[in-house]
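Novice: Here you go, one structure.
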Amino acid sequence: MKNLIIKIFLALLIFPLWAQVDGFPVAIGVGNEPLWGAIAIIETDSSAYIAIGSTNDSLYVIETDGSNVSGFPMLLPGKITSKIAWEPKDSAIVIFALTENGYLCRIIWNGATASIDTEISLGTSAKYISPVIDDVRNDGELEVFAAVDTTLYCYSFYGEFLWSANFYSSTGAAVATPACGDINGDGKNEIIVEGYEALFAYNSNGSAVDSFPVELEDAAFSYSAPFLWDYDGDGNCEIFCGAHRTSGDEYGIVFKVDGSDPSLDSPIYTVHGAFGTWVYSSPSIGDMNGDYSYDITFGSINGTVFGITGDGAVSSFGGVALHMAYGHIYGGILLCDLDNEPGPEYIFQMSQESSNFAYMIAMNPNALYIDNFPDTLEQNEAGILTPAVFVQDSSTYIAGATGDGELYLWQIDNLPAAGYKFWTELFGDRRNRSVAIPDAPQLSIELQDSEYSLIWTMSISPDFQKYLLYQSSDSAGTTIVLIDSISDIGDTNYTVAADTLSDSLWFFVIVEDSFGRTSARSVPQSTIDTAAICEKAVFPQKISLTISPSPFNSVCKITAQGAQYIEVSSLDGKRLKTLESDNGVFRFDAQNLPSGILLLRAIDSKGKTIADNKTILMR
C-alpha cells in the first residue's frame with residue numbers, strides 16, 4: 001500500500017478539522033491499464049457507500065469504514081472506465097454499469113446480496129461513457145441510455161429495448177457521457193451526444209432534433225461531457241461543453257449552444273496558450289464570486305481552474321498548478337462549502353505526470369496556490385478521475401482515487417452552509433443526468449403590522465422538493481437560522497411574526513430538489529435600506545471587470561463600467577501600472593512586463609475598489 005504524504009500549509013489553512021478516515025486508503029484492483037473511472041456515492045436513508053468500477057473487470061462498493069459491502073466486488077464482463085448510475089427501487093438499489101467493451105449491466109443490490117439481473121451486449125467500445133437514467137418521455141417511467149460505438153441506445157428501466165439512433169465520430173465512438181434536458185421547450189427532455197467533431201441531439205422517440213447535428217470546424221470535443229443549464233431563464237436549457245482546437249495552437253475552448261438556434265461558430269471562452277490547455281473537465285455551476293447568481297467552472301489540462309459567466313466573462317481564476325511542472329486536471333471540478341463561510345470551494349484532483357504524485361485539492365476560487373487542503377497521493381499511474389463529495393451525520397466527506405488503485409477518504413467535521421451544499425454531482429448526479437441545480441428564487445419583503453411578508457418567485461426545477469426559508473442578523477447569512485420549509489411548489493409567500501422589529505434582520509430563500517441539491521441563495525432582503533447590502537455582505541455587489549483576451553501575450557482590452565482607472569499589480573502586491581479610462585474601456589499594453597499572473601483592480605472616482613480580476617501574461 002502506498003504511503004500518503006500530507007502537506008499542509010498551516011499559516012494559510014482555512015478549513016476546519018479534517019483527517020483521513022481510518023481504514024483508508026483501500027486497495028482497488030486494477031488490470032493492465034490504470035483506474036479510469038469516476039467515483040459514485042450511493043446514498044440510502046441511513047448510510048452512504050462509495051462505488052467505483054475498475055479495469056480489472058470489477059465493481060467495488062465500499063463502506064465508509066473501508067470494508068467491502070456484502071456482494072462486492074462483483075465481476076462484470078469487461079473493464080469499467082466510467083461512472084455507474086443508480087436508483088432506489090422496491091426496497092433495493094438498482095445499479096447500471098456500462099463496460100468499456102459495450103456491455104450494459106443491470107445490478108440488483110438489496111443490502112445483503114448483489115446480482116446481475118440483466119446483461120446486454122451493445123457493441124465494442126464505450127470507453128469513458130457512463131449510463132444515463134432519465135424520464136425523457138415524461139410519463140413517470142425511467143429510461144436508460146448508453147452510447148456504444150456510434151449508436152445511442154434507449155432501454156426501459158427493466159431492460160426492454162425501446163429504440164436506437166446512429167451518430168458519427170472519427171474515433172469510432174462517443175467521446176463523453178450523454179446529457180438529458182429540455183433544449184427546445186417541448187416539455188420533454190432531449191438526449192445530447194458528442195461525437196469527436198459534432199454535437200447530436202435526439203427527441204424522446206429517437207428522432208433527431210431539428211437543426212442537429214451541428215459540426216465543429218478546426219476543433220474537436222475533448223472528452224468533456226455536455227452540461228445543460230437554462231442560463232437565460234427562457235425555460236430551455238443551453239448546452240455547455242469543452243473542446244480544443246485541432247491545428248495550429250491547440251488550445252482549449254468552451255462552447256455554449258442554444259437548442260432553438262444551434263451553432264458552434266463562436267466559443268464563449270478560450271484558454272489561450274501553447275499545446276496543453278485542452279478542456280477535458282466537464283463544466284459545472286455554482287456561485288463562485290458571491291453575487292448570488294451562477295457561474296460556470298471547469299479545469300484545463302495545464303492545471304488552471306476557471307469560473308466564467310454564461311456569456312464568457314471571467315468571474316474567478318485559480319492558477320493552482322502554474323507553480324508545478326506538468327500538473328494536469330482531467331476530471332470534473334466539484335463545488336461544495338467546506339469552511340462554513342458563504343461560497344463554495346473548488347474540489348478536484350490533479351496529476352503531476354513528471355513525478356509519481358497526484359493531488360487532492362480543495363481551495364477557494366481565485367486562490368493561486370495549493371494553500372487550503374492539499375494532500376499528496378503517491379501513485380505510479382495517472383487516471384482521468386473525478387472525486388466525490390457527500391454528507392453523512394455531522395460531517396462532510398471527500399473521496400478520491402489514484403490511477404493505480406488507491407481509494408482515499410477524508411472527513412471534515414462540519415456541514416456546508418445553507419445554500420452552498422451538494423454542488424458536487426454536476427458531472428452527473430445519481431442518474432448521471434446533466435441538468436443544473438435549481439435556479440435561485442427572487443425574493444421581496446414587506447413589513448405589515450409587525451409582520452414580515454416574504455414573497456418569492458416559483459421554482460421551475462423539474463425535481464423540486466421544497467423551499468427553505470432562513471433569517472439572519474446580517475446580509476451575509478453568517479448567523480443563518482432555518483425558519484421553515486415548504487413542500488408546495490406554488491406556495492411562494494410566507495409571513496414571519498415579529499414581537500420586536502429589528503432594523504437588521506435579513507431573509508433568504510433556497511430551493512432544494514429531490515436529489516438533495518440546493519440552489520444559490522436568493523439575494524438577501526430586509527425592510528431596512530437594501531442599498532446597504534454592499535456594506536453589510538461578506539460578498540459586496542460589484543461591477544464586472546472583463547479582460548479580452550485572457551490569458552494574453554501582449555495587449556488586452558479591459559472593460560469596467562464606472563471605473564476611473566485600473567491598477568495592475570503582481571502577485572506580491574507590487575503596483576506595475578495604472579490605466580486611465582476611455583468611457584469605461586481600458587487598453588493594457590504589457591510591453592516590458594514578464595510572463596506571470598497579474599492582479600487587476602477597478603477604482604471608482606471616490607477611490608473605492610469596485611471590481612477585481614486576474615489574468616495571465618504569456619510571452
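Residues are named by chain letter and number: chains run A, B, ... in the order of the C-alpha cells, numbers start at 1 in each chain, and ligands are numbered from 1 in the order shown.
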Give me, as a list in words, all polymer residues having an atom no more than 7 Å from A:Gly290, counting only C-alpha atoms and skipping those fewer than 2 positions away in the same chain.
Specialist: Asp287, Met288, Tyr292, Gly343 and Phe539 of chain A
Novice: For the residues in the current selection, export C-alpha atoms as a JSON list (two decimals), in the first residue's frame.
Specialist:
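File written: out_17.json
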[["chain", "number", "residue", "atom", "x", "y", "z"],
["A", 287, "ASP", "CA", -21.99, 30.94, -7.13],
["A", 288, "MET", "CA", -18.21, 31.26, -7.12],
["A", 292, "TYR", "CA", -26.00, 35.38, -5.71],
["A", 343, "GLY", "CA", -19.46, 30.44, -1.04],
["A", 539, "PHE", "CA", -19.52, 39.43, -0.72]]
Novice: Which residues are close to stretch 206-208 of chain A, i.e. within 8 Å by only C-alpha atoms, leaving aside same-chain residues fewer than 4 positions away? Reply as a list in words.
Specialist: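 Everything that qualifies: Trp163, Ser164, Ala165, Phe200, Ala201, Tyr202, Phe212 and Pro213 of chain A.
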Novice: Next, write the just-selected residues to a file, as a PDB file, in the first residue's frame, keeping C-alpha atoms as the atom set.
Specialist:
ATOM      1  CA  TRP A 163     -35.025   2.477 -29.727  1.00  0.00           C
ATOM      2  CA  SER A 164     -31.576   3.299 -31.052  1.00  0.00           C
ATOM      3  CA  ALA A 165     -30.127   6.179 -33.086  1.00  0.00           C
ATOM      4  CA  PHE A 200     -26.060  15.398 -31.779  1.00  0.00           C
ATOM      5  CA  ALA A 201     -29.480  15.812 -30.142  1.00  0.00           C
ATOM      6  CA  TYR A 202     -32.368  13.314 -30.136  1.00  0.00           C
ATOM      7  CA  PHE A 212     -28.903  18.909 -35.303  1.00  0.00           C
ATOM      8  CA  PRO A 213     -26.233  17.664 -35.660  1.00  0.00           C
TER       9      PRO A 213
END
Novice: Interatomic distance between atom CA of A:Thr527 and atom CA of A:Leu447?
Specialist: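 For atom CA of A:Thr527 relative to atom CA of A:Leu447, the distance reads 6.6 Å.
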Novice: Interatomic distance between atom CA of A:Pro226 and atom CA of A:Pro262?
Specialist: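 Computing it gives 14.1 Å between the two atoms.
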Novice: In Å to one decimal, how far is atom CA of A:Ile616 from atom CA of A:Val305?
Specialist: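 Value for the atom CA of A:Val305-atom CA of A:Ile616 distance: 12.5 Å.
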Novice: Taking into account only C-alpha atoms, which residue in the set A:Phe167, A:Tyr223, A:Phe390, A:Trp410 is nearest to A:Phe515?
Specialist: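 Ranked by minimum distance to A:Phe515, first place goes to A:Phe390.
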